[in-house]
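Participant: This is the structure I have questions about; it appears just below.
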Amino acid sequence: MDAGVVATVRRFSRTVTQRFGALNEHYLGGARPLGEARLLWEIGDGRDLRTLRATLGLDSGYLSRLLRSLEADGLVTVQADAADRRVRVARLTTAGKRERRALDRRSDGVAEAVLAPLSPRQRERLVAAMAEVSQLLRVGMVEVEAVDPGHPDVLPCFQAYFADLAVLFEDGFSPDAVLQPAIEVVLLARLGEETVGCVALYEPEPGVWELKRMWVDSSARGLGLGRRLLTEVETLARQRGASAMRLDTNRSLTGAIALYRSAGFEEVPPFNAEPHAHHWFRKAL
């Protein structure tokens with residue numbers, strides 16, 4: 001990694017933490033430090049502890065300490081979920097909701113103070129740059145994992161994929177009408193605890209891996225996740241000794257078709273009888 005690039009990122013981090021008051025013991029002039037204030041805000045209308053840990057990137061011990069502090073101040077309660085006693089849920093008390101509203105007001109004030117000295121054009125540039133930085137940081141937070149097709153997170157991904165196709169395909173879509181290959185491995189893309197993408201793989205013939213059911217959740221579109229999944233798939237296929245990859249797709253999926261072509265896939269004659277397919281692609285590895 002280029003040392004100058006690393007230095008720029010570090011300088012940006014120092015500027016942001018200072019400008020937004022993250023270094024102060026009493027964040028935004030409130031009664032508590034940044035960690036507690038952020039947790040209070042994230043709890044909102046109630047969040048289970050597992051989701052809070054994943055969202056904020058906290059280990060269990062530190063999260064527990066933050067929650068105990070907020071509980072001691074009468075701002076939060078932590079109880080077992082009524083639907084599943086194994087799940088613990090944090091909720092704001094009346095006092096906690098009041099402090100969260102005050103936190104929102106102070107946060108708005110800081111944002112306005114950041115923007116106030118700037119010209120309209122400078123404000124536009126800053127806000128646009130912030131939006132892009134936020135997007136790119138989310139890209140870096142996505143993790144891709146290879147799992148067995150029986151993994152509990154796989155079926156919900158496939159169901160979401162099928163639901164999307166039912167809307168996108170000109171003639172609709174029925175999972176019962178498509179070919180059902182013996183999937184061997186699935187790549188899951190996760191953003192925190194949320195699964196935001198997947199792609200399945202199987203080997204229809206020796207040395208050739210076929211891609212099926214590549215899906216990206218609407219919340220993660222714009223993160224370049226489709227290309228990331230293709231790259232990860234190609235790496236995995238190479239590791240498993242593949243000499244080629246192939247896939248089929250529907251003519252309605254114009255964005256996917258453009259992605260495949262830009263990734264080096266070439267259109268070929270049909271290699272299966274998939275009823276919803278209009279294009280077939282192959283890429284030599």
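Ordering of the structure tokens sets the chain letters (A, B, ...), residue numbers begin anew at 1 in every chain, and ligands are numbered from 1 in the order given.
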Show me, as a VMD selection string, the residues that have an atom within 10 Å of region 109-113 of chain A when counting only C-alpha atoms, minus same-chain residues fewer than 5 positions from it.
Facilitator: chain A and resid 19 to 21 28 103 to 104 118
Participant: Keeping only all heavy atoms, write the selected residues as a PDB file, in the first residue's frame.
Facilitator:
ATOM      1  N   ARG A  19     -13.143  17.485  14.286  1.00  0.00           N
ATOM      2  CA  ARG A  19     -14.188  18.433  13.884  1.00  0.00           C
ATOM      3  C   ARG A  19     -15.552  18.066  14.441  1.00  0.00           C
ATOM      4  O   ARG A  19     -16.369  18.929  14.745  1.00  0.00           O
ATOM      5  CB  ARG A  19     -14.268  18.499  12.351  1.00  0.00           C
ATOM      6  CG  ARG A  19     -15.200  19.601  11.835  1.00  0.00           C
ATOM      7  CD  ARG A  19     -14.644  20.956  12.193  1.00  0.00           C
ATOM      8  NE  ARG A  19     -15.506  22.051  11.781  1.00  0.00           N
ATOM      9  CZ  ARG A  19     -16.498  22.552  12.522  1.00  0.00           C
ATOM     10  NH1 ARG A  19     -16.771  22.000  13.707  1.00  0.00           N
ATOM     11  NH2 ARG A  19     -17.224  23.566  12.087  1.00  0.00           N
ATOM     12  N   PHE A  20     -15.804  16.762  14.609  1.00  0.00           N
ATOM     13  CA  PHE A  20     -17.109  16.328  15.087  1.00  0.00           C
ATOM     14  C   PHE A  20     -17.125  15.989  16.575  1.00  0.00           C
ATOM     15  O   PHE A  20     -18.079  15.416  17.082  1.00  0.00           O
ATOM     16  CB  PHE A  20     -17.602  15.133  14.262  1.00  0.00           C
ATOM     17  CG  PHE A  20     -18.074  15.529  12.892  1.00  0.00           C
ATOM     18  CD1 PHE A  20     -17.188  15.588  11.830  1.00  0.00           C
ATOM     19  CD2 PHE A  20     -19.391  15.892  12.677  1.00  0.00           C
ATOM     20  CE1 PHE A  20     -17.609  15.972  10.567  1.00  0.00           C
ATOM     21  CE2 PHE A  20     -19.831  16.267  11.414  1.00  0.00           C
ATOM     22  CZ  PHE A  20     -18.926  16.317  10.356  1.00  0.00           C
ATOM     23  N   GLY A  21     -16.077  16.349  17.277  1.00  0.00           N
ATOM     24  CA  GLY A  21     -16.081  16.243  18.730  1.00  0.00           C
ATOM     25  C   GLY A  21     -15.931  14.853  19.297  1.00  0.00           C
ATOM     26  O   GLY A  21     -16.274  14.609  20.465  1.00  0.00           O
ATOM     27  N   LEU A  28     -20.629  15.974  22.017  1.00  0.00           N
ATOM     28  CA  LEU A  28     -21.613  16.979  21.627  1.00  0.00           C
ATOM     29  C   LEU A  28     -22.143  17.774  22.819  1.00  0.00           C
ATOM     30  O   LEU A  28     -23.278  18.261  22.811  1.00  0.00           O
ATOM     31  CB  LEU A  28     -22.799  16.320  20.893  1.00  0.00           C
ATOM     32  CG  LEU A  28     -22.480  15.609  19.567  1.00  0.00           C
ATOM     33  CD1 LEU A  28     -23.738  15.007  18.972  1.00  0.00           C
ATOM     34  CD2 LEU A  28     -21.827  16.560  18.580  1.00  0.00           C
ATOM     35  N   LEU A 103     -29.861  14.336  21.700  1.00  0.00           N
ATOM     36  CA  LEU A 103     -28.672  13.988  20.924  1.00  0.00           C
ATOM     37  C   LEU A 103     -28.867  14.336  19.450  1.00  0.00           C
ATOM     38  O   LEU A 103     -27.959  14.861  18.798  1.00  0.00           O
ATOM     39  CB  LEU A 103     -28.366  12.499  21.087  1.00  0.00           C
ATOM     40  CG  LEU A 103     -27.165  11.925  20.326  1.00  0.00           C
ATOM     41  CD1 LEU A 103     -25.876  12.579  20.800  1.00  0.00           C
ATOM     42  CD2 LEU A 103     -27.092  10.412  20.519  1.00  0.00           C
ATOM     43  N   ASP A 104     -30.053  14.063  18.917  1.00  0.00           N
ATOM     44  CA  ASP A 104     -30.354  14.426  17.530  1.00  0.00           C
ATOM     45  C   ASP A 104     -30.255  15.932  17.327  1.00  0.00           C
ATOM     46  O   ASP A 104     -29.698  16.399  16.318  1.00  0.00           O
ATOM     47  CB  ASP A 104     -31.757  13.939  17.155  1.00  0.00           C
ATOM     48  CG  ASP A 104     -31.771  12.498  16.667  1.00  0.00           C
ATOM     49  OD1 ASP A 104     -30.723  12.034  16.185  1.00  0.00           O
ATOM     50  OD2 ASP A 104     -32.825  11.849  16.755  1.00  0.00           O
ATOM     51  N   LEU A 118     -19.147  27.759   5.014  1.00  0.00           N
ATOM     52  CA  LEU A 118     -18.849  27.459   3.621  1.00  0.00           C
ATOM     53  C   LEU A 118     -19.813  28.175   2.682  1.00  0.00           C
ATOM     54  O   LEU A 118     -20.958  28.461   3.021  1.00  0.00           O
ATOM     55  CB  LEU A 118     -18.940  25.949   3.383  1.00  0.00           C
ATOM     56  CG  LEU A 118     -18.086  25.058   4.294  1.00  0.00           C
ATOM     57  CD1 LEU A 118     -18.308  23.597   3.943  1.00  0.00           C
ATOM     58  CD2 LEU A 118     -16.609  25.431   4.194  1.00  0.00           C
TER      59      LEU A 118
END
Participant: Run DSSP on the backbone and grab whatever in region 245-285 of chain A lands in strand (DSSP E or B); send it over as a list in words.
Facilitator: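 Going through region 245-285 of chain A, the strand (DSSP E or B) residues come out as Met245, Arg246, Leu247, Asp248, Thr249, Glu266, Glu267, Val268, His279, Trp280, Phe281, Arg282, Lys283 and Ala284 of chain A.
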Participant: Let me see the file: selected residues, all heavy atoms, as a compact mmCIF listing (two decimals), in the first residue's frame.
Facilitator:
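As a result, again04.txt now contains:
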# COMPACT_ATOMS: atom_id res chain seq x y z
N MET A 245 -15.43 -20.78 -16.60
CA MET A 245 -16.69 -20.53 -15.90
C MET A 245 -17.75 -20.24 -16.95
O MET A 245 -17.44 -19.75 -18.04
CB MET A 245 -16.56 -19.34 -14.94
CG MET A 245 -15.60 -19.55 -13.80
SD MET A 245 -15.77 -18.26 -12.53
CE MET A 245 -15.50 -16.78 -13.49
N ARG A 246 -19.01 -20.50 -16.59
CA ARG A 246 -20.08 -20.20 -17.51
C ARG A 246 -21.34 -19.81 -16.73
O ARG A 246 -21.43 -20.05 -15.52
CB ARG A 246 -20.36 -21.38 -18.43
CG ARG A 246 -21.05 -22.56 -17.75
CD ARG A 246 -21.19 -23.73 -18.69
NE ARG A 246 -22.14 -24.72 -18.17
CZ ARG A 246 -22.37 -25.90 -18.72
NH1 ARG A 246 -21.71 -26.26 -19.82
NH2 ARG A 246 -23.26 -26.73 -18.20
N LEU A 247 -22.29 -19.21 -17.43
CA LEU A 247 -23.54 -18.81 -16.81
C LEU A 247 -24.57 -18.53 -17.89
O LEU A 247 -24.22 -18.33 -19.05
CB LEU A 247 -23.34 -17.56 -15.93
CG LEU A 247 -22.82 -16.29 -16.62
CD1 LEU A 247 -23.97 -15.41 -17.11
CD2 LEU A 247 -21.93 -15.50 -15.67
N ASP A 248 -25.84 -18.53 -17.49
CA ASP A 248 -26.91 -18.11 -18.38
C ASP A 248 -27.70 -17.00 -17.70
O ASP A 248 -27.67 -16.88 -16.47
CB ASP A 248 -27.82 -19.28 -18.75
CG ASP A 248 -28.52 -19.88 -17.54
OD1 ASP A 248 -29.41 -19.22 -16.97
OD2 ASP A 248 -28.17 -21.02 -17.15
N THR A 249 -28.40 -16.19 -18.49
CA THR A 249 -29.15 -15.09 -17.90
C THR A 249 -30.31 -14.70 -18.80
O THR A 249 -30.39 -15.09 -19.96
CB THR A 249 -28.24 -13.88 -17.62
OG1 THR A 249 -28.92 -12.93 -16.81
CG2 THR A 249 -27.81 -13.21 -18.93
N GLU A 266 -17.75 -14.13 -22.56
CA GLU A 266 -18.11 -14.03 -23.96
C GLU A 266 -19.37 -14.84 -24.23
O GLU A 266 -19.54 -15.94 -23.70
CB GLU A 266 -16.96 -14.54 -24.84
CG GLU A 266 -15.69 -13.71 -24.69
CD GLU A 266 -14.57 -14.22 -25.57
OE1 GLU A 266 -14.73 -15.31 -26.17
OE2 GLU A 266 -13.54 -13.54 -25.67
N GLU A 267 -20.26 -14.27 -25.06
CA GLU A 267 -21.50 -14.97 -25.35
C GLU A 267 -21.23 -16.20 -26.22
O GLU A 267 -20.44 -16.14 -27.17
CB GLU A 267 -22.49 -14.02 -26.04
CG GLU A 267 -23.90 -14.55 -26.04
CD GLU A 267 -24.96 -13.45 -26.09
OE1 GLU A 267 -24.58 -12.26 -26.15
OE2 GLU A 267 -26.15 -13.80 -26.05
N VAL A 268 -21.92 -17.29 -25.89
CA VAL A 268 -21.73 -18.57 -26.58
C VAL A 268 -23.09 -19.17 -26.89
O VAL A 268 -24.12 -18.71 -26.38
CB VAL A 268 -20.90 -19.55 -25.70
CG1 VAL A 268 -19.50 -19.01 -25.46
CG2 VAL A 268 -21.62 -19.83 -24.38
N HIS A 279 -29.49 -15.57 -22.91
CA HIS A 279 -28.07 -15.37 -23.20
C HIS A 279 -27.26 -16.38 -22.40
O HIS A 279 -27.56 -16.66 -21.23
CB HIS A 279 -27.63 -13.96 -22.82
CG HIS A 279 -28.35 -12.87 -23.54
ND1 HIS A 279 -27.94 -12.40 -24.77
CD2 HIS A 279 -29.46 -12.15 -23.19
CE1 HIS A 279 -28.79 -11.44 -25.16
NE2 HIS A 279 -29.70 -11.28 -24.24
N TRP A 280 -26.21 -16.91 -23.04
CA TRP A 280 -25.30 -17.84 -22.38
C TRP A 280 -23.87 -17.31 -22.53
O TRP A 280 -23.48 -16.84 -23.60
CB TRP A 280 -25.40 -19.22 -23.04
CG TRP A 280 -26.72 -19.92 -22.76
CD1 TRP A 280 -26.94 -20.89 -21.84
CD2 TRP A 280 -27.97 -19.71 -23.43
NE1 TRP A 280 -28.26 -21.29 -21.88
CE2 TRP A 280 -28.92 -20.58 -22.84
CE3 TRP A 280 -28.39 -18.86 -24.47
CZ2 TRP A 280 -30.25 -20.62 -23.25
CZ3 TRP A 280 -29.72 -18.89 -24.87
CH2 TRP A 280 -30.63 -19.77 -24.24
N PHE A 281 -23.13 -17.35 -21.44
CA PHE A 281 -21.79 -16.78 -21.42
C PHE A 281 -20.78 -17.80 -20.90
O PHE A 281 -21.11 -18.67 -20.09
CB PHE A 281 -21.74 -15.54 -20.53
CG PHE A 281 -22.49 -14.36 -21.08
CD1 PHE A 281 -23.80 -14.13 -20.73
CD2 PHE A 281 -21.86 -13.47 -21.95
CE1 PHE A 281 -24.50 -13.03 -21.23
CE2 PHE A 281 -22.54 -12.37 -22.45
CZ PHE A 281 -23.86 -12.15 -22.09
N ARG A 282 -19.53 -17.60 -21.32
CA ARG A 282 -18.43 -18.47 -20.87
C ARG A 282 -17.17 -17.62 -20.77
O ARG A 282 -16.96 -16.67 -21.54
CB ARG A 282 -18.21 -19.63 -21.85
CG ARG A 282 -17.15 -20.65 -21.41
CD ARG A 282 -16.99 -21.73 -22.48
NE ARG A 282 -15.97 -22.70 -22.14
CZ ARG A 282 -16.22 -23.90 -21.64
NH1 ARG A 282 -17.47 -24.30 -21.43
NH2 ARG A 282 -15.23 -24.74 -21.36
N LYS A 283 -16.32 -17.96 -19.80
CA LYS A 283 -15.04 -17.27 -19.63
C LYS A 283 -13.95 -18.29 -19.35
O LYS A 283 -14.06 -19.10 -18.43
CB LYS A 283 -15.10 -16.27 -18.47
CG LYS A 283 -13.80 -15.53 -18.24
CD LYS A 283 -13.93 -14.51 -17.12
CE LYS A 283 -12.62 -13.76 -16.92
NZ LYS A 283 -12.73 -12.71 -15.86
N ALA A 284 -12.90 -18.27 -20.16
CA ALA A 284 -11.76 -19.15 -19.92
C ALA A 284 -10.92 -18.58 -18.79
O ALA A 284 -10.73 -17.36 -18.69
CB ALA A 284 -10.93 -19.27 -21.19
Participant: Need to verify the contact set: Gly197 (chain A), 12 Å, only C-alpha atoms, exclusion of same-chain residues closer than 2 positions in sequence. Can you return it as JSON, numbers by chain?
Facilitator: {"A": [142, 143, 144, 145, 146, 153, 154, 155, 156, 157, 158, 159, 160, 161, 186, 187, 188, 189, 190, 191, 194, 195, 199, 200, 213, 214, 215, 216, 217, 218, 219, 220, 221, 223, 224, 225, 226, 227, 228, 229, 230]}
Participant: I need the alpha helix (DSSP H) residues of region 29-254 of chain A per DSSP on the backbone, written as number ranges by chain.
Facilitator: A: 34-43, 49-56, 60-72, 94-115, 120-141, 154-168, 225-239, 254
Participant: Just the residues within 12 Å of Pro204 (chain A), please, counting only C-alpha atoms, with nothing from its chain fewer than 2 positions along; format it as an MDAnalysis selection string.
Facilitator: chainID A and resid 180:184 201:202 206:212 242 244:247 271:272
Participant: In Å to one decimal, how far is CA of Val185 (chain A) from CA of Gln239 (chain A)?
Facilitator: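 The value is 13.1 Å.
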